[in-house]
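First up is the structure itself, then whatever we jot down about it.
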Amino acid sequence: MDVLIQGILGLVAEPGRIAMIAIGCVLMYLGIRKEYEPTLLVPMGLGTILVNIPNTGVLETGGQAGPFTVLFQAGIETELFPLLLFIGIGAMIDFGPLLANPFLLLFGAAAQFGIFFVTIVASLLGFDIADAASAGIIAAADGPTSIFVANSLGSKYMGAIMVAAYSYMALVPIIQPIAIKAVTTKKERQIRMKYNPRGVSQTAKILFPVIICIVAGLVAPDSLPLVGFLMFGNLLRECGVLNNLSMSAQNELVNLISILLGLCVSVKMEYHDFLQVDTLIIMVLGLLGFVMDSVGGVMFAKLLNLFRKEKINPMVGAAGISAFPMSSRVVQKLATEADPQNFILMQASAANVAGQIASVVAGGLVLGILL
Amino acid sequence: MFETLEQALQILGLGWGGVFLVMLVIYLVSMLLTKLFPPAKE
């Protein structure tokens with residue numbers, strides 16, 4: 001009975017805990033009812049509740065590190081969880097459409113603009129460079145990359161960065177149409193693109209991940225943990241003799257790591273860390289980053305159109321963010337809205353896959369510059 | 001703050017430029033791969 005009374009008094013004495021429990025409930029609501037990234041938001045939501053109960057045993061028990069703390073130290077501080085997740089993501093990606101249209105790789109680079117834009121804005125707002133870059137990396141639209149970079153830079157806003165990265169990714173179908181429509185005309189959205197894919201051999205598909213590792217390693221060695229694990233997953237998929245491992249990576253590995261990642265990241269969701277004005281600013285900056293990614297991609301496509309005879313639908317540029325496959329679907333939906341006969345899904349998918357590569361390279365380059 | 005801004009601008013130049021460079025190299029390599037290993041030859 002004493003413990004119960006102490007717990008209730010603890011909650012009343014620190015209303016921040018009640019606010020965080022409410023936030024945990026909202027995260028679970030978004031995951032369960034709205035189906036926004038439920039694999040992460042549901043465990044993260046419950047985890048947020050668990051870490052904000054007074055004298056919680058999940059963080060510390062009997063003077064020893066509790067299970068969440070142990071998981072955090074083992075999986076996030078060592079950066080193992082985001083990297084293992086990348087094996088699964090790599091195994092899910094088919095680079096075939098991209099190899100058939102390699103020109104679209106450049107859109108992956110253009111649509112990383114939000115990362116760098118937000119880093120500048122955050123530095124102007126007074127954040128130190130590590131936190132500014134960590135806020136910027138939310139715009140990679142890639143949860144594992146955001147965690148990896150923010151953790152490597154020792155950002156104190158890990159919780160906010162995680163929540164922003166995953167919730168905005170789930171909100172891509174809402175954020176991107178607004179951003180795209182703001183910088184394109186209906187006429188531009190109606191531009192049709194011919195799709196003439198070249199055939200891609202299995203040998204090319206097998207060599208592609210290996211060569212990317214070598215190229216990324218030579219140009220940006222700090223990106224190799226991210227690129228290497230991503231491409232290892234893809235090699236499992238494409239080599240043709242490890243189908244069981246590829247399926248395990250795509251399903252069991254991703255599911256298991258998502259459960260653990262969602263739970264243990266809650267360590268950074270304690271009320272005294274999270275309920276800060278800075279946290280709110282980081283969340284707003286993350287949103288700005290997603291918008292500027294789309295704007296950067298669109299503007300790059302428009303720039304290219306000045307020199308091209310065969311015009312590119314500028315929305316394909318916006319699909320160059322890493323949020324796969326939501327972004328390409330959003331772009332196709334907008335294209336159909338503008339012209340019911342307009343089919344640009346394949347080009348948008350290729351740009352979207354390019355965004356996956358570009359975001360990990362961007363993360364590695366940011367680390368290379370700052371570490 | 002100016003020092004941080006300078007670093008942020010450096011990240012913009014080297015970072016975004018670096019991403020374009022890597023993607024350009026991958027683009028050229030992809031072109032080469034599809035030329036060297038066309039599906040018909042398999």
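Following the order of the structure tokens, chains are lettered A, B, ..., residues in each are numbered from 1, and ligands are numbered from 1.
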
Exercise. If you count only C-alpha atoms, which residues fall within 10 Å of segment 15-32 of chain B, apart from same-chain ones fewer than 4 positions away, as a PyMOL selection string?
Worked result: (chain A and resi 98-113+115-116+204-205+207-208+211-212+215-220+354-355+357-369) or (chain B and resi 8-11+36-37)

For this session: Tell me, as a list in words, which residues lie within 10 Å of Gln276 of chain A, counting only C-alpha atoms; anything in the same chain fewer than 5 positions away does not count.
Result: Tyr157, Tyr271 and Ile281 of chain A

Problem set entry | Residue among A:Ile76, A:Leu306, A:Ala132, A:Leu226 lying closest to Thr4 of chain B, counting only C-alpha atoms |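 Of A:Ile76, A:Leu306, A:Ala132, A:Leu226, the one nearest Thr4 of chain B is A:Ala132, counting only C-alpha atoms.
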
Exercise. So which one's closest to chain B, A:Ser134, A:Asn342, A:Thr56, A:Ser266? Using only C-alpha atoms, please.
Worked result: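 The closest residue to chain B is A:Ser134.
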
Contact table segment 308-352 of chain A vs segment 83-94 of chain A, cut-off 12 Å, shortest pair per residue, only C-alpha atoms, as a tab-separated table:
residue	atom	partner	partner_atom	distance
A:Ser322	CA	A:Ile89	CA	11.3
A:Ala323	CA	A:Ile89	CA	11.5
A:Phe324	CA	A:Ile93	CA	9.0
A:Pro325	CA	A:Ile93	CA	9.8
A:Met346	CA	A:Asp94	CA	11.9
A:Ser349	CA	A:Asp94	CA	9.8
A:Ala350	CA	A:Asp94	CA	9.2
A:Asn352	CA	A:Ile93	CA	10.4

Problem set entry | Interatomic distance, atom CA of Phe117 of chain A to atom CA of Glu270 of chain A (Å, one decimal) |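 According to the coordinates, atom CA of Phe117 of chain A and atom CA of Glu270 of chain A are separated by 29.1 Å.
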
For this session: Could you check how far atom CA of Val70 of chain A sits from atom CA of Ala165 of chain A, in Å to one decimal?
Result: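 Going from atom CA of Val70 of chain A over to atom CA of Ala165 of chain A covers 23.3 Å.
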